[in-house]
Amino acid sequence: MGKILGLDIGSKRVGVAISDELAFLAHPLKTIPWKGYKLFAREIENLINEHSITRIVVGVPYTLEGNVSQKTGEILRLIEKLRRRFTTIPIIEIDESLSTKRAHDALHRVGKKPSKKRQQIDQIAAVFILQDYLDSIR
C-alpha cells in the first residue's frame, strides 16, 4: 500500500503523521509552522518525495453536529488546492472531530502539560486522524 501522510491543519501549525509501509500504524513525524500555502505545499511536496507517500489524509473540522463551520470551509478549500497541485496522489478527507482534545488527553495521561507541548499536540492529533483512517480501511 505504501506510506500515508496524515495532516492536522491549524491556523498556526500543521501536525504531520506518517504510516508504516504496510499502512498499519500511524507515527508522529513533524510539525510545520503555517507560513502560507506556498511554503506549506512545498514542505508537503518534500515529504511526498522523501518518504514515497502514496496518499494524504487530511482532518476536516466539522462541528460536533456534523455541520460545516468557517474553519471547515477553509480546510476544504485548502484540500482542493492540494488536489490541484498533487494530481497523482489521492487526498482523503476524514472527520477530525475531537482529535486535538484526544491529543490533550493523551499527553495529560502521561503526565505532560499540554499547554507546553503545542507542537506535540499537533503531531498527536495528526496521528489520531491518520490512525482512524487506517483502521477504517481494514
# chains A, B, ... in the order shown; residues from 1 in each chain; ligands from 1
call {"tool": "select_by_dssp", "arguments": {"residues": "range 28-97 of chain A", "states": "strand (DSSP E or B)", "output": "JSON, numbers by chain"}}
result
{"A": [28, 29, 30, 31, 32, 33, 53, 54, 55, 56, 57, 58, 59, 60, 91, 92, 93, 94, 95]}
call {"tool": "write_last_selection", "arguments": {"atoms": "N, CA and C atoms", "output": "short mmCIF file (atom, residue, chain, number, x, y, z; two decimals), in the first residue's frame"}}
result
data_model
loop_
_atom_site.label_atom_id
_atom_site.label_comp_id
_atom_site.auth_asym_id
_atom_site.auth_seq_id
_atom_site.Cartn_x
_atom_site.Cartn_y
_atom_site.Cartn_z
N PRO A 28 3.96 9.92 14.80
CA PRO A 28 4.19 11.36 14.62
C PRO A 28 5.43 11.59 13.76
N LEU A 29 5.37 12.59 12.90
CA LEU A 29 6.51 12.90 12.04
C LEU A 29 7.10 14.27 12.34
N LYS A 30 6.27 15.32 12.25
CA LYS A 30 6.78 16.67 12.49
C LYS A 30 5.64 17.65 12.60
N THR A 31 5.99 18.88 12.95
CA THR A 31 5.04 19.98 12.96
C THR A 31 5.57 21.04 12.01
N ILE A 32 4.71 21.49 11.13
CA ILE A 32 5.09 22.52 10.16
C ILE A 32 4.45 23.83 10.60
N PRO A 33 5.26 24.88 10.80
CA PRO A 33 4.64 26.17 11.10
C PRO A 33 3.88 26.69 9.88
N ILE A 53 5.35 8.90 -0.43
CA ILE A 53 3.97 8.93 0.05
C ILE A 53 3.02 8.53 -1.09
N THR A 54 2.06 7.66 -0.76
CA THR A 54 1.10 7.20 -1.77
C THR A 54 -0.26 7.87 -1.65
N ARG A 55 -0.57 8.45 -0.49
CA ARG A 55 -1.80 9.22 -0.31
C ARG A 55 -1.68 10.09 0.92
N ILE A 56 -2.60 11.06 1.01
CA ILE A 56 -2.61 12.01 2.12
C ILE A 56 -4.01 12.02 2.72
N VAL A 57 -4.07 11.98 4.05
CA VAL A 57 -5.34 12.06 4.78
C VAL A 57 -5.34 13.38 5.54
N VAL A 58 -6.39 14.17 5.32
CA VAL A 58 -6.49 15.48 5.96
C VAL A 58 -7.70 15.49 6.88
N GLY A 59 -7.48 15.91 8.12
CA GLY A 59 -8.57 16.05 9.07
C GLY A 59 -9.40 17.27 8.74
N VAL A 60 -10.72 17.09 8.69
CA VAL A 60 -11.64 18.20 8.42
C VAL A 60 -12.44 18.46 9.69
N ILE A 91 -6.04 12.47 -2.10
CA ILE A 91 -6.13 13.24 -0.85
C ILE A 91 -7.51 12.97 -0.27
N ILE A 92 -7.50 12.35 0.89
CA ILE A 92 -8.72 11.87 1.52
C ILE A 92 -9.09 12.76 2.69
N GLU A 93 -10.36 13.10 2.77
CA GLU A 93 -10.88 13.90 3.89
C GLU A 93 -11.40 12.94 4.95
N ILE A 94 -11.13 13.27 6.20
CA ILE A 94 -11.68 12.47 7.30
C ILE A 94 -12.10 13.43 8.42
N ASP A 95 -13.22 13.13 9.03
CA ASP A 95 -13.72 13.97 10.13
C ASP A 95 -12.72 13.89 11.28
#
call {"tool": "residues_around", "arguments": {"residues": "range 121-128 of chain A", "least_positions_apart": "3", "cutoff": "6 Å", "atoms": "only C-alpha atoms", "output": "VMD selection string"}}
result
chain A and resid 6 to 8 15 to 17 26 to 28 99 to 100 103 118 131 to 132
call {"tool": "write_last_selection", "arguments": {"atoms": "C-alpha atoms", "output": "JSON list (two decimals), in the first residue's frame"}}
result
[["chain", "number", "residue", "atom", "x", "y", "z"],
["A", 6, "GLY", "CA", -1.88, 12.42, 7.98],
["A", 7, "LEU", "CA", -2.39, 16.16, 8.44],
["A", 8, "ASP", "CA", -3.96, 18.12, 11.29],
["A", 15, "GLY", "CA", 0.73, 18.40, 12.67],
["A", 16, "VAL", "CA", 2.06, 15.66, 10.41],
["A", 17, "ALA", "CA", 1.91, 11.91, 10.97],
["A", 26, "ALA", "CA", 0.48, 5.92, 12.39],
["A", 27, "HIS", "CA", 3.50, 7.68, 13.92],
["A", 28, "PRO", "CA", 4.19, 11.36, 14.62],
["A", 99, "SER", "CA", -8.66, 14.86, 17.61],
["A", 100, "THR", "CA", -7.00, 17.80, 19.39],
["A", 103, "ALA", "CA", -4.23, 14.59, 21.93],
["A", 118, "ARG", "CA", 1.71, 22.51, 21.40],
["A", 131, "GLN", "CA", -4.88, 6.02, 12.64],
["A", 132, "ASP", "CA", -8.67, 6.47, 12.40]]
call {"tool": "select_by_dssp", "arguments": {"residues": "chain A", "states": "helix (DSSP H, G or I)", "output": "MDAnalysis selection string"}}
result
chainID A and resid 37:51 70:85 99:109 114:116 118:136
call {"tool": "residues_around", "arguments": {"residues": "Asp20 in chain A", "least_positions_apart": "4", "cutoff": "8 Å", "atoms": "only C-alpha atoms", "output": "mmCIF file with C-alpha atoms, in the first residue's frame"}}
result
data_model
loop_
_atom_site.group_PDB
_atom_site.id
_atom_site.type_symbol
_atom_site.label_atom_id
_atom_site.label_comp_id
_atom_site.auth_asym_id
_atom_site.auth_seq_id
_atom_site.Cartn_x
_atom_site.Cartn_y
_atom_site.Cartn_z
ATOM 1 C CA GLY A 2 2.832 2.441 0.783
ATOM 2 C CA LYS A 3 3.233 5.197 3.314
ATOM 3 C CA ILE A 4 0.411 7.622 4.016
ATOM 4 C CA PHE A 24 -0.989 -0.381 9.662
ATOM 5 C CA LEU A 25 0.243 2.124 12.289
ATOM 6 C CA ALA A 26 0.482 5.918 12.389
ATOM 7 C CA HIS A 27 3.504 7.675 13.918
#
call {"tool": "closest_residue", "arguments": {"among": "A:Gln120, A:Ser97, A:Thr87, A:Asn49", "to": "Asn67 in chain A", "atoms": "only C-alpha atoms"}}
result
A:Ser97
call {"tool": "residues_around", "arguments": {"residues": "Pro61 in chain A", "least_positions_apart": "4", "cutoff": "8 Å", "atoms": "only C-alpha atoms", "output": "list in words"}}
result
Ser69, Lys71, Thr72, Ile75, Asp95, Glu96 and Ser97 of chain A
call {"tool": "write_last_selection", "arguments": {"atoms": "N, CA and C atoms", "output": "PDB file, in the first residue's frame"}}
result
ATOM      1  N   SER A  69     -18.433  24.627   9.430  1.00  0.00           N
ATOM      2  CA  SER A  69     -18.143  25.924  10.049  1.00  0.00           C
ATOM      3  C   SER A  69     -17.241  26.723   9.102  1.00  0.00           C
ATOM      4  N   LYS A  71     -14.117  27.405   9.642  1.00  0.00           N
ATOM      5  CA  LYS A  71     -12.850  26.669   9.608  1.00  0.00           C
ATOM      6  C   LYS A  71     -12.957  25.450   8.689  1.00  0.00           C
ATOM      7  N   THR A  72     -14.108  24.771   8.730  1.00  0.00           N
ATOM      8  CA  THR A  72     -14.330  23.623   7.852  1.00  0.00           C
ATOM      9  C   THR A  72     -14.182  24.055   6.393  1.00  0.00           C
ATOM     10  N   ILE A  75     -10.531  24.639   5.408  1.00  0.00           N
ATOM     11  CA  ILE A  75      -9.795  23.387   5.219  1.00  0.00           C
ATOM     12  C   ILE A  75     -10.220  22.713   3.914  1.00  0.00           C
ATOM     13  N   ASP A  95     -13.220  13.135   9.028  1.00  0.00           N
ATOM     14  CA  ASP A  95     -13.721  13.966  10.127  1.00  0.00           C
ATOM     15  C   ASP A  95     -12.723  13.891  11.280  1.00  0.00           C
ATOM     16  N   GLU A  96     -12.247  15.042  11.688  1.00  0.00           N
ATOM     17  CA  GLU A  96     -11.244  15.074  12.755  1.00  0.00           C
ATOM     18  C   GLU A  96     -11.834  15.479  14.099  1.00  0.00           C
ATOM     19  N   SER A  97     -13.128  15.378  14.244  1.00  0.00           N
ATOM     20  CA  SER A  97     -13.783  15.806  15.478  1.00  0.00           C
ATOM     21  C   SER A  97     -13.056  15.288  16.712  1.00  0.00           C
TER      22      SER A  97
END
call {"tool": "closest_residue", "arguments": {"among": "A:Arg85, A:Leu47, A:Arg77, A:Gly36", "to": "Leu5 in chain A", "atoms": "only C-alpha atoms"}}
result
A:Leu47
call {"tool": "closest_residue", "arguments": {"among": "A:Thr63, A:Thr88, A:Ser11, A:Ser19", "to": "Tyr133 in chain A", "atoms": "only C-alpha atoms"}}
result
A:Ser19
call {"tool": "residues_around", "arguments": {"residues": "Lys35 in chain A", "least_positions_apart": "6", "cutoff": "12 Å", "atoms": "only C-alpha atoms", "output": "MDAnalysis selection string"}}
result
chainID A and resid 10:14 41:43
call {"tool": "closest_residue", "arguments": {"among": "A:Ile48, A:Tyr37, A:Leu130, A:Leu64", "to": "Lys81 in chain A", "atoms": "only C-alpha atoms"}}
result
A:Tyr37
call {"tool": "atom_distance", "arguments": {"atom1": "CA of Ile89 in chain A", "atom2": "CA of Ser52 in chain A"}}
result
10.6 Å
